[in-house]
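Student: Sharing final_28.csv here; it has CSV, C-alpha atoms and all ligand atoms.
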chain,number,residue,atom,x,y,z
A,1,MET,CA,90.7,86.5,86.0
A,2,SER,CA,90.6,85.6,82.3
A,3,ASP,CA,88.6,82.4,83.1
A,4,TYR,CA,86.3,84.5,85.3
A,5,PHE,CA,85.5,87.0,82.6
A,6,THR,CA,85.2,84.3,79.9
A,7,LEU,CA,82.6,82.4,82.1
A,8,LEU,CA,80.7,85.6,82.7
A,9,ASP,CA,80.6,86.2,78.9
A,10,SER,CA,79.7,82.7,78.0
A,11,GLY,CA,76.0,83.0,79.0
A,12,LYS,CA,76.3,79.6,80.7
A,13,LYS,CA,75.3,81.0,84.1
A,14,LYS,CA,72.8,83.6,85.3
A,15,VAL,CA,74.6,86.8,86.3
A,16,ALA,CA,74.2,88.8,89.5
A,17,TRP,CA,75.8,92.2,89.7
A,18,CYS,CA,77.0,93.1,93.2
A,19,THR,CA,78.8,95.9,95.0
A,20,SER,CA,82.3,95.0,96.0
A,21,VAL,CA,81.4,94.6,99.7
A,22,GLY,CA,77.9,93.3,99.0
A,23,PRO,CA,76.2,90.0,99.7
A,24,ALA,CA,78.1,87.9,97.2
A,25,GLU,CA,77.8,84.7,99.2
A,26,LEU,CA,74.1,84.8,99.3
A,27,LEU,CA,74.0,85.4,95.5
A,28,ARG,CA,76.4,82.6,94.8
A,29,SER,CA,74.3,80.2,96.9
A,30,PHE,CA,71.6,80.6,94.2
A,31,GLY,CA,74.0,79.6,91.5
A,32,PHE,CA,74.6,83.1,90.1
A,33,GLU,CA,78.0,84.0,88.7
A,34,VAL,CA,78.8,87.4,90.3
A,35,PHE,CA,80.0,90.4,88.5
A,36,PHE,CA,81.3,93.5,90.3
A,37,PRO,CA,81.0,96.8,88.4
A,38,GLU,CA,83.6,98.4,90.8
A,39,ASN,CA,86.2,95.9,89.5
A,40,HIS,CA,85.4,97.2,86.0
A,41,GLY,CA,85.7,100.7,87.3
A,42,ALA,CA,89.2,99.9,88.7
A,43,LEU,CA,90.1,98.4,85.3
A,44,LEU,CA,89.0,101.6,83.5
A,45,GLY,CA,91.2,103.5,85.9
A,46,ALA,CA,94.2,101.2,85.7
A,47,THR,CA,94.1,101.2,81.9
A,48,ARG,CA,93.7,105.0,81.9
A,49,THR,CA,90.7,104.7,79.6
A,50,ALA,CA,88.4,106.2,82.3
A,51,MET,CA,88.9,109.8,81.0
A,52,ASP,CA,87.6,108.7,77.5
A,53,PHE,CA,84.4,107.6,79.1
A,54,ILE,CA,83.7,110.1,81.9
A,55,PRO,CA,82.5,112.9,79.5
A,56,GLU,CA,79.8,110.5,78.2
A,57,ALA,CA,78.3,110.2,81.6
A,58,ILE,CA,78.6,113.9,82.2
A,59,LYS,CA,76.5,114.5,79.1
A,60,CYS,CA,73.8,112.4,80.7
A,61,GLY,CA,73.7,114.6,83.8
A,62,TYR,CA,76.2,112.8,86.1
A,63,SER,CA,78.6,115.3,87.6
A,64,GLY,CA,82.3,115.0,86.9
A,65,HIS,CA,82.8,115.4,90.7
A,66,ILE,CA,80.9,112.2,91.7
A,67,CYS,CA,82.5,108.8,92.0
A,68,SER,CA,84.6,108.3,88.9
A,69,TYR,CA,84.0,104.5,89.0
A,70,THR,CA,80.4,105.4,88.4
A,71,THR,CA,81.0,108.0,85.7
A,72,ALA,CA,83.7,106.0,83.9
A,73,ASP,CA,81.6,102.8,84.0
A,74,ILE,CA,78.4,104.4,82.8
A,75,GLY,CA,80.4,106.2,80.0
A,76,SER,CA,82.0,102.9,79.0
A,77,TYR,CA,78.5,101.4,78.8
A,78,LEU,CA,77.2,104.3,76.7
A,79,LYS,CA,80.1,104.1,74.3
A,80,LYS,CA,79.9,100.3,74.2
A,81,GLU,CA,83.6,100.0,74.8
A,82,SER,CA,85.6,98.3,77.5
A,83,PRO,CA,89.1,97.2,78.1
A,84,LEU,CA,87.6,93.8,78.8
A,85,GLN,CA,87.3,93.4,75.0
A,86,THR,CA,91.0,93.9,74.4
A,87,HIS,CA,92.4,92.3,77.6
A,88,TYR,CA,90.1,89.3,77.9
A,89,GLY,CA,88.7,88.9,74.4
A,90,VAL,CA,85.1,89.1,75.7
A,91,GLU,CA,82.2,91.1,74.4
A,92,GLY,CA,82.3,93.4,77.3
A,93,VAL,CA,80.5,93.7,80.6
A,94,PRO,CA,77.9,90.8,81.1
A,95,LYS,CA,74.2,91.6,81.1
A,96,PRO,CA,72.7,91.3,84.6
A,97,ASP,CA,69.8,89.0,85.5
A,98,ILE,CA,69.7,90.6,89.0
A,99,ILE,CA,71.4,93.5,90.6
A,100,ALA,CA,72.3,93.8,94.3
A,101,TYR,CA,73.9,96.5,96.2
A,102,ASN,CA,74.9,97.4,99.8
A,103,THR,CA,75.2,101.0,100.8
A,104,ASN,CA,77.7,100.0,103.6
A,105,GLN,CA,80.3,101.8,101.4
A,106,CYS,CA,78.4,104.8,100.0
A,107,ARG,CA,75.0,105.9,98.6
A,108,GLU,CA,76.6,106.3,95.1
A,109,VAL,CA,76.3,102.6,94.4
A,110,GLU,CA,72.5,102.8,94.7
A,111,ASP,CA,72.4,105.5,92.0
A,112,TRP,CA,74.9,103.8,89.9
A,113,PHE,CA,73.2,100.4,90.0
A,114,THR,CA,69.7,101.9,89.6
A,115,PHE,CA,70.9,103.4,86.3
A,116,TYR,CA,71.5,99.9,85.1
A,117,ALA,CA,68.4,98.4,86.6
A,118,ASP,CA,66.5,100.9,84.5
A,119,GLU,CA,68.6,100.3,81.4
A,120,PHE,CA,68.2,96.5,81.5
A,121,ASN,CA,64.8,96.5,83.1
A,122,CYS,CA,66.4,94.2,85.7
A,123,PRO,CA,65.3,93.4,89.2
A,124,ILE,CA,67.3,95.3,91.8
A,125,VAL,CA,67.7,94.6,95.6
A,126,GLY,CA,69.4,96.7,98.1
A,127,ILE,CA,70.8,96.5,101.6
A,128,GLN,CA,71.0,99.8,103.5
A,129,PRO,CA,72.7,99.3,106.9
A,130,PRO,CA,73.1,102.0,109.5
A,131,ARG,CA,76.3,104.0,108.9
A,132,TYR,CA,79.0,105.8,110.8
A,133,LEU,CA,78.7,103.7,114.0
A,134,ASP,CA,81.2,103.6,116.8
A,135,GLU,CA,80.1,100.1,117.7
A,136,VAL,CA,77.9,97.7,115.7
A,137,THR,CA,75.3,96.1,118.0
A,138,GLN,CA,72.9,93.2,117.5
A,139,ASP,CA,70.1,95.7,116.8
A,140,GLU,CA,71.9,96.8,113.6
A,141,ILE,CA,72.7,93.2,112.7
A,142,ASP,CA,69.1,92.2,113.1
A,143,LEU,CA,68.0,95.0,110.7
A,144,VAL,CA,70.6,94.0,108.1
A,145,VAL,CA,69.7,90.3,108.4
A,146,LYS,CA,66.0,91.3,107.7
A,147,GLN,CA,67.1,93.2,104.7
A,148,MET,CA,69.2,90.4,103.4
A,149,LYS,CA,66.3,87.9,103.8
A,150,LYS,CA,64.1,90.1,101.7
A,151,MET,CA,66.4,89.3,98.8
A,152,ILE,CA,65.4,85.6,98.9
A,153,PRO,CA,62.1,85.7,97.0
A,154,VAL,CA,63.7,87.9,94.3
A,155,CYS,CA,66.7,85.6,94.0
A,156,GLU,CA,64.5,82.6,93.9
A,157,LYS,CA,62.3,84.0,91.1
A,158,VAL,CA,65.3,85.1,89.0
A,159,SER,CA,67.4,82.0,89.5
A,160,GLY,CA,64.5,79.5,89.4
A,161,ARG,CA,66.0,77.8,92.6
A,162,LYS,CA,64.8,77.6,96.1
A,163,PHE,CA,67.0,79.1,98.8
A,164,ASN,CA,69.2,76.4,100.2
A,165,LEU,CA,70.7,77.0,103.6
A,166,GLU,CA,73.4,74.4,103.2
A,167,LYS,CA,74.6,76.0,100.0
A,168,PHE,CA,74.7,79.4,101.7
A,169,LYS,CA,76.7,77.9,104.5
A,170,LYS,CA,79.1,76.3,102.1
A,171,THR,CA,79.7,79.5,100.2
A,172,VAL,CA,80.2,81.4,103.5
A,173,LYS,CA,82.8,78.8,104.6
A,174,LEU,CA,84.7,79.1,101.3
A,175,SER,CA,84.6,82.9,101.6
A,176,LYS,CA,85.8,82.8,105.1
A,177,GLU,CA,88.7,80.5,104.2
A,178,ALA,CA,89.8,82.7,101.4
A,179,THR,CA,89.4,85.9,103.4
A,180,LEU,CA,91.5,84.6,106.3
A,181,LEU,CA,94.2,83.5,103.8
A,182,TRP,CA,94.1,87.1,102.3
A,183,GLN,CA,94.4,88.5,105.8
A,184,LYS,CA,97.5,86.3,106.4
A,185,VAL,CA,98.9,87.4,103.0
A,186,LEU,CA,98.6,91.1,104.1
A,187,LYS,CA,100.1,90.4,107.5
A,188,THR,CA,103.3,88.9,106.0
A,189,SER,CA,104.2,92.5,105.6
A,190,THR,CA,104.5,93.0,109.3
A,191,ALA,CA,107.9,91.3,108.8
A,192,LYS,CA,110.9,93.6,109.0
A,193,ASN,CA,111.5,93.0,105.3
A,194,ALA,CA,108.0,93.1,104.0
A,195,PRO,CA,107.5,90.7,101.1
A,196,ILE,CA,104.5,92.4,99.5
A,197,SER,CA,103.7,96.1,99.0
A,198,PHE,CA,100.4,97.9,99.0
A,199,PHE,CA,100.7,98.4,95.3
A,200,ASP,CA,101.2,94.6,94.7
A,201,GLY,CA,98.3,94.0,97.0
A,202,THR,CA,95.9,96.1,94.8
A,203,ILE,CA,96.5,93.5,92.0
A,204,HIS,CA,96.5,90.4,94.2
A,205,MET,CA,93.3,91.4,95.8
A,206,GLY,CA,91.4,90.7,92.5
A,207,PRO,CA,90.3,87.2,93.6
A,208,ILE,CA,89.1,88.1,97.1
A,209,VAL,CA,86.9,90.8,95.5
A,210,VAL,CA,85.4,88.9,92.5
A,211,LEU,CA,85.9,85.2,93.4
A,212,ARG,CA,85.2,85.1,97.1
A,213,GLY,CA,82.9,82.1,97.9
A,214,THR,CA,84.8,79.9,95.4
A,215,GLN,CA,87.4,77.3,95.7
A,216,ARG,CA,89.6,79.2,93.2
A,217,ALA,CA,90.0,82.2,95.5
A,218,LYS,CA,91.1,79.9,98.3
A,219,ASP,CA,93.6,78.1,96.1
A,220,TYR,CA,95.0,81.4,94.8
A,221,TYR,CA,95.7,82.7,98.3
A,222,THR,CA,97.1,79.4,99.5
A,223,LEU,CA,99.7,79.5,96.8
A,224,LEU,CA,100.4,83.2,97.3
A,225,LEU,CA,100.7,82.9,101.0
A,226,ALA,CA,103.2,80.0,100.8
A,227,GLU,CA,105.4,82.0,98.5
A,228,LEU,CA,105.3,85.1,100.7
A,229,GLU,CA,106.0,83.1,103.9
A,230,GLU,CA,109.0,81.5,102.2
A,231,ASN,CA,110.2,85.0,101.4
A,232,VAL,CA,109.7,86.1,105.0
A,233,LYS,CA,111.6,83.0,106.2
A,234,ASN,CA,114.5,83.9,103.9
A,235,ASN,CA,114.4,87.6,104.8
A,236,ILE,CA,113.5,88.7,101.2
A,237,GLY,CA,111.6,91.9,101.1
A,238,PHE,CA,110.0,93.5,98.0
A,239,ILE,CA,112.8,96.1,98.3
A,240,PRO,CA,116.3,95.2,99.6
A,241,LYS,CA,116.4,97.5,102.7
A,242,ALA,CA,113.6,99.9,103.5
A,243,LYS,CA,114.6,103.1,105.3
A,244,THR,CA,110.9,103.9,106.1
A,245,ARG,CA,107.6,102.0,106.4
A,246,ILE,CA,104.5,103.7,105.1
A,247,PHE,CA,100.8,103.1,105.5
A,248,TRP,CA,98.5,104.1,102.6
A,249,GLU,CA,95.1,105.4,103.6
A,250,GLY,CA,92.4,105.7,101.0
A,251,MET,CA,91.8,104.6,97.4
A,252,PRO,CA,94.6,103.6,95.0
A,253,ILE,CA,95.3,106.0,92.2
A,254,TRP,CA,94.7,103.3,89.6
A,255,GLY,CA,96.2,105.0,86.6
A,256,LYS,CA,99.4,105.8,88.5
A,257,LEU,CA,100.1,102.5,90.4
A,258,ARG,CA,103.4,101.9,88.8
A,259,MET,CA,104.5,105.6,89.1
A,260,MET,CA,103.6,105.7,92.8
A,261,SER,CA,105.1,102.3,93.5
A,262,ASP,CA,108.4,103.4,91.8
A,263,LEU,CA,108.3,106.8,93.6
A,264,PHE,CA,108.4,105.1,97.1
A,265,THR,CA,110.8,102.3,96.2
A,266,ASP,CA,113.2,104.7,94.5
A,267,ASN,CA,113.3,106.5,97.8
A,268,ASP,CA,113.9,103.3,99.8
A,269,SER,CA,110.5,103.4,101.3
A,270,ALA,CA,108.2,100.5,101.7
A,271,VAL,CA,104.4,101.0,101.5
A,272,VAL,CA,103.6,97.9,103.6
A,273,ALA,CA,99.9,98.2,104.5
A,274,SER,CA,96.6,100.0,103.6
A,275,THR,CA,93.1,100.4,104.7
A,276,TYR,CA,92.0,99.6,101.1
A,277,CYS,CA,93.5,96.1,100.8
A,278,SER,CA,92.2,95.3,104.3
A,279,SER,CA,88.7,96.1,103.2
A,280,TRP,CA,88.2,92.5,102.0
A,281,VAL,CA,89.2,90.9,105.3
A,282,PHE,CA,85.9,89.5,106.7
A,283,ASP,CA,87.1,87.6,109.7
A,284,LYS,CA,83.7,87.5,111.3
A,285,PHE,CA,82.3,85.1,108.7
A,286,ASP,CA,81.0,81.9,110.3
A,287,GLU,CA,79.3,79.2,108.3
A,288,ASN,CA,77.5,78.0,111.4
A,289,ASP,CA,75.8,81.4,111.7
A,290,PRO,CA,75.7,82.6,108.1
A,291,TRP,CA,73.1,85.3,108.4
A,292,ASN,CA,74.4,87.1,111.5
A,293,SER,CA,78.0,86.7,110.6
A,294,THR,CA,77.8,88.0,107.1
A,295,ALA,CA,75.6,90.9,108.2
A,296,ARG,CA,78.1,91.7,110.9
A,297,ALA,CA,81.1,91.4,108.7
A,298,TYR,CA,79.7,93.6,106.0
A,299,THR,CA,78.4,96.2,108.5
A,300,GLU,CA,81.6,96.4,110.5
A,301,ILE,CA,83.8,97.3,107.6
A,302,PHE,CA,86.1,100.3,108.0
A,303,ILE,CA,84.4,102.5,105.4
A,304,ASN,CA,81.0,102.1,107.1
A,305,ARG,CA,82.2,103.3,110.5
A,306,SER,CA,82.5,106.5,112.5
A,307,ASP,CA,85.7,108.5,112.6
A,308,LYS,CA,86.3,107.4,116.1
A,309,ALA,CA,86.1,103.7,115.2
A,310,LYS,CA,88.3,104.3,112.1
A,311,GLU,CA,90.9,106.1,114.2
A,312,LYS,CA,91.0,103.1,116.6
A,313,MET,CA,91.5,100.7,113.7
A,314,LEU,CA,94.1,102.8,112.1
A,315,ALA,CA,96.1,103.2,115.4
A,316,GLU,CA,96.2,99.4,115.8
A,317,TRP,CA,97.4,98.9,112.2
A,318,LEU,CA,100.1,101.6,112.5
A,319,LYS,CA,101.4,99.8,115.6
A,320,GLU,CA,101.1,96.3,114.2
A,321,TYR,CA,103.0,97.2,110.9
A,322,GLU,CA,105.5,99.5,112.7
A,323,ILE,CA,104.7,102.4,110.5
A,324,ASP,CA,106.9,105.5,110.3
A,325,GLY,CA,104.5,107.6,108.3
A,326,ILE,CA,100.9,107.5,106.9
A,327,VAL,CA,99.9,108.9,103.5
A,328,PHE,CA,96.3,110.0,103.2
A,329,HIS,CA,95.0,110.0,99.6
A,330,ASP,CA,92.4,112.7,99.5
A,331,THR,CA,90.4,111.2,96.6
A,332,LYS,CA,88.6,114.0,94.8
A,333,THR,CA,85.5,111.9,93.6
A,334,CYS,CA,85.1,109.6,96.5
A,335,PHE,CA,84.1,111.4,99.6
A,336,ASN,CA,83.4,108.1,101.3
A,337,ASN,CA,86.9,106.8,101.1
A,338,SER,CA,88.7,110.0,101.9
A,339,ASN,CA,89.5,110.5,105.5
A,340,ALA,CA,91.6,113.6,105.4
A,341,LYS,CA,88.7,116.1,105.2
A,342,PHE,CA,87.6,116.3,108.9
A,343,GLY,CA,90.8,116.4,110.9
A,344,MET,CA,91.5,112.7,111.1
A,345,PRO,CA,95.2,112.9,110.2
A,346,GLN,CA,95.8,115.4,112.9
A,347,ARG,CA,93.8,113.5,115.5
A,348,LEU,CA,95.6,110.3,114.6
A,349,GLN,CA,99.0,111.9,114.9
A,350,LYS,CA,98.1,113.1,118.3
A,351,ILE,CA,97.1,109.6,119.4
A,352,THR,CA,99.9,107.7,117.7
A,353,GLY,CA,102.7,110.2,117.1
A,354,VAL,CA,102.9,109.0,113.5
A,355,PRO,CA,103.5,111.8,111.0
A,356,PHE,CA,101.1,112.1,108.0
A,357,LEU,CA,101.1,113.5,104.5
A,358,THR,CA,98.0,114.2,102.5
A,359,ILE,CA,98.1,114.0,98.7
A,360,GLU,CA,95.3,114.9,96.4
A,361,GLY,CA,94.3,112.7,93.5
A,362,ASP,CA,91.6,110.4,92.3
A,363,LEU,CA,90.8,106.7,91.8
A,364,CYS,CA,90.2,107.1,88.0
A,365,ASP,CA,90.1,110.7,87.0
A,366,LEU,CA,93.7,111.8,86.5
A,367,ARG,CA,92.6,115.4,85.9
A,368,PHE,CA,92.6,115.6,89.7
A,369,PHE,CA,96.1,114.3,90.2
A,370,SER,CA,99.3,116.4,89.8
A,371,GLU,CA,102.3,114.1,89.3
A,372,GLY,CA,104.9,116.8,89.8
A,373,GLN,CA,103.3,118.1,93.0
A,374,SER,CA,102.8,114.6,94.4
A,375,ILE,CA,106.5,113.6,93.8
A,376,THR,CA,107.7,116.7,95.6
A,377,LYS,CA,105.4,116.2,98.5
A,378,VAL,CA,106.2,112.5,98.9
A,379,GLU,CA,110.0,113.0,98.6
A,380,THR,CA,110.0,115.8,101.1
A,381,PHE,CA,107.9,113.7,103.5
A,382,LEU,CA,110.1,110.7,103.2
A,383,GLU,CA,113.2,112.8,103.8
A,384,GLN,CA,111.6,114.2,106.9
A,385,LEU,CA,110.8,110.7,108.2
A,386,GLU,CA,114.3,109.6,107.6
A,387,ASP,CA,115.6,112.6,109.6
A,388,ILE,CA,113.2,111.7,112.5
A,389,LYS,CA,114.5,108.1,112.5
A,390,VAL,CA,118.2,109.1,112.6
B,401,LIG,S1,83.1,103.9,97.8
B,401,LIG,FE1,83.7,105.7,96.6
B,401,LIG,S2,84.8,104.8,94.8
B,401,LIG,FE2,83.6,103.2,95.8
B,401,LIG,S3,81.6,103.2,94.7
B,401,LIG,FE3,81.4,104.5,96.5
B,401,LIG,S4,81.9,106.5,95.8
B,401,LIG,FE4,82.6,105.1,94.2
What is this file in structure tokens?
Tutor:
Amino acid sequence: MSDYFTLLDSGKKKVAWCTSVGPAELLRSFGFEVFFPENHGALLGATRTAMDFIPEAIKCGYSGHICSYTTADIGSYLKKESPLQTHYGVEGVPKPDIIAYNTNQCREVEDWFTFYADEFNCPIVGIQPPRYLDEVTQDEIDLVVKQMKKMIPVCEKVSGRKFNLEKFKKTVKLSKEATLLWQKVLKTSTAKNAPISFFDGTIHMGPIVVLRGTQRAKDYYTLLLAELEENVKNNIGFIPKAKTRIFWEGMPIWGKLRMMSDLFTDNDSAVVASTYCSSWVFDKFDENDPWNSTARAYTEIFINRSDKAKEKMLAEWLKEYEIDGIVFHDTKTCFNNSNAKFGMPQRLQKITGVPFLTIEGDLCDLRFFSEGQSITKVETFLEQLEDIKV
């Protein structure tokens, strides 16, 4: 990650900003180094600096109730301060040559990225796929492919390079290989003694978010997978003996990762899987059909689907990971990644029989998180699950 931020800072390559589940492969095929503002948002959350910056964005008219990645990131820009300076010794966030977004996750990214396009007087391109679908058909894919192809002339102009199909295919291939390795990494936790937790996954997912489409991401997950498979073979879990297995639904509470991780492990509970970490599994990537396959992979993602489709995916994960209970994180400032607001926990329990708990919190803004209340809720829930299992 340090090399990645140093390269971005060096000015050696033109920089494209991209949403976390945006068209990174296409951008890389033009030789851009790709920067992901959401990754910076997560860093602001994890370092608990977000609350220093959010008020700056509020002063500019952004509500404190919208995406706290957006408000923390804009506030950090306005204050000209970033943990990147202290953690990686770089000047800060790199200046964009082009900005690209995909509203497959939310409309907020469009507002957020447009702010910067105006600030930097920078070209901006967007993909707006249909949302909330039960099934994704070829009609939707055709539309997304058309939108992606509209990016080509802008990318050519900014990069000074012609679109090269072979380079695009090569990047998609590298991305596919890394994402399939990441999928295998996550699936090691289907083992009885899971070798990697959701909380560890939120750190190890760094390369699949910011370096997909590169050899480095592939190398990283090759190494990680080998270690985890070895642990599975030797029956070594991340905690000695879990009494319960938990699925985490929703965003991480970045500023409380350690606290939440300790809370579960101290109660002999293993949080073995999540929708969040699985969001970067794009198993539909196919270098032989790069346009259709990337359009499909980015349109079919969990966050972009109907409740019905989400419940089907969740039911499969709960079964696959042999889950005893599911925790829904009702994220105050991310409506899009909070699935506890319209009865999904209850419906899912009806289908699967898996009990649920909802906790309130936020990705970055810790004013919306009550530590005491969450501890009580989680401990009570885990006790109940243990009673059910006896
Ligand atoms: S999905 Fe949620 S957290 Fe992510 S950018 Fe959109 S509103 Fe923010």
Student: Considering only C-alpha atoms, can you say which of A:Leu84, A:Ile388, A:Ile239, A:Val136 comes closest to Thr49 (chain A)?
Tutor: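 Of A:Leu84, A:Ile388, A:Ile239, A:Val136, the one nearest Thr49 (chain A) is A:Leu84, counting only C-alpha atoms.
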Student: Select from chain A every residue with an atom at most 7 Å from any atom of ligand LIG 401 (chain B), then for each give the shortest pair of atoms and their distance in Å to one decimal, using all atoms listed in the file, rows by chain and rising number, as JSON lines.
Tutor:
{"residue": "A:Glu38", "atom": "CA", "partner": "B:LIG401", "partner_atom": "S3", "distance": 6.5}
{"residue": "A:Cys67", "atom": "CA", "partner": "B:LIG401", "partner_atom": "FE4", "distance": 4.3}
{"residue": "A:Ser68", "atom": "CA", "partner": "B:LIG401", "partner_atom": "FE4", "distance": 6.5}
{"residue": "A:Tyr69", "atom": "CA", "partner": "B:LIG401", "partner_atom": "FE4", "distance": 5.4}
{"residue": "A:Thr70", "atom": "CA", "partner": "B:LIG401", "partner_atom": "FE4", "distance": 6.2}
{"residue": "A:Gln105", "atom": "CA", "partner": "B:LIG401", "partner_atom": "S1", "distance": 5.0}
{"residue": "A:Cys106", "atom": "CA", "partner": "B:LIG401", "partner_atom": "FE3", "distance": 4.6}
{"residue": "A:Arg107", "atom": "CA", "partner": "B:LIG401", "partner_atom": "FE3", "distance": 6.9}
{"residue": "A:Glu108", "atom": "CA", "partner": "B:LIG401", "partner_atom": "FE3", "distance": 5.3}
{"residue": "A:Val109", "atom": "CA", "partner": "B:LIG401", "partner_atom": "S3", "distance": 5.3}
{"residue": "A:Thr333", "atom": "CA", "partner": "B:LIG401", "partner_atom": "S4", "distance": 6.9}
{"residue": "A:Cys334", "atom": "CA", "partner": "B:LIG401", "partner_atom": "FE1", "distance": 4.1}
{"residue": "A:Phe335", "atom": "CA", "partner": "B:LIG401", "partner_atom": "FE1", "distance": 6.5}
{"residue": "A:Asn336", "atom": "CA", "partner": "B:LIG401", "partner_atom": "FE1", "distance": 5.3}
{"residue": "A:Asn337", "atom": "CA", "partner": "B:LIG401", "partner_atom": "FE1", "distance": 5.6}
{"residue": "A:Leu363", "atom": "CA", "partner": "B:LIG401", "partner_atom": "S2", "distance": 7.0}
Student: Measure the distance from CA of Gln147 (chain A) to CA of Glu311 (chain A) in Å and round it to one decimal.
Tutor: 28.7 Å
Student: Please provide the set of residues having any atom within 6 Å of region 208-216 of chain A, restricted to all atoms listed in the file, with same-chain residues fewer than 4 positions apart removed, written as a list of chain:residue names.
Tutor: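 Selected residues are A:Glu25, A:Thr171, A:Leu174, A:Ser175.
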Student: Got a sec to check which residues sit within 12 Å of (79.1, 113.6, 79.7), counting only C-alpha atoms, and write them as a list in words?
Tutor: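 The residues near that point, listed by chain and number, are Met51, Asp52, Phe53, Ile54, Pro55, Glu56, Ala57, Ile58, Lys59, Cys60, Gly61, Tyr62, Ser63, Gly64, His65, Ser68, Thr71, Ala72, Asp73, Ile74, Gly75, Ser76, Leu78 and Lys79 of chain A.
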Student: Between A:Ala191, A:Leu27, A:Ile253, A:Leu224, which has the minimum distance to Phe368 (chain A) (counting all atoms listed in the file)?
Tutor: A:Ile253
Student: List as a VMD selection string the protein and nucleic acid residues near Phe264 (chain A), meaning an atom at most 12 Å away when all atoms listed in the file are counted, but skip any in the same chain fewer than 4 places from it.
Tutor: chain A and resid 197 to 199 238 to 239 242 to 248 257 to 260 268 to 272 327 374 to 383
Student: Could you state the separation of CA of Val15 (chain A) and CA of Thr114 (chain A) in Å, given to one decimal place?
Tutor: 16.2 Å
Student: One decimal, Å: what's the distance from CA of Ala273 (chain A) over to CA of Thr188 (chain A), could you say?
Tutor: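 For CA of Ala273 (chain A) relative to CA of Thr188 (chain A), the distance reads 10.0 Å.
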Student: Would you please work out which residue, of A:Thr202, A:His40, A:Gly89, A:Tyr77, is nearest to Ser10 (chain A) when using only C-alpha atoms?
Tutor: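 Checking each candidate against Ser10 (chain A), we get A:Gly89 as the closest.
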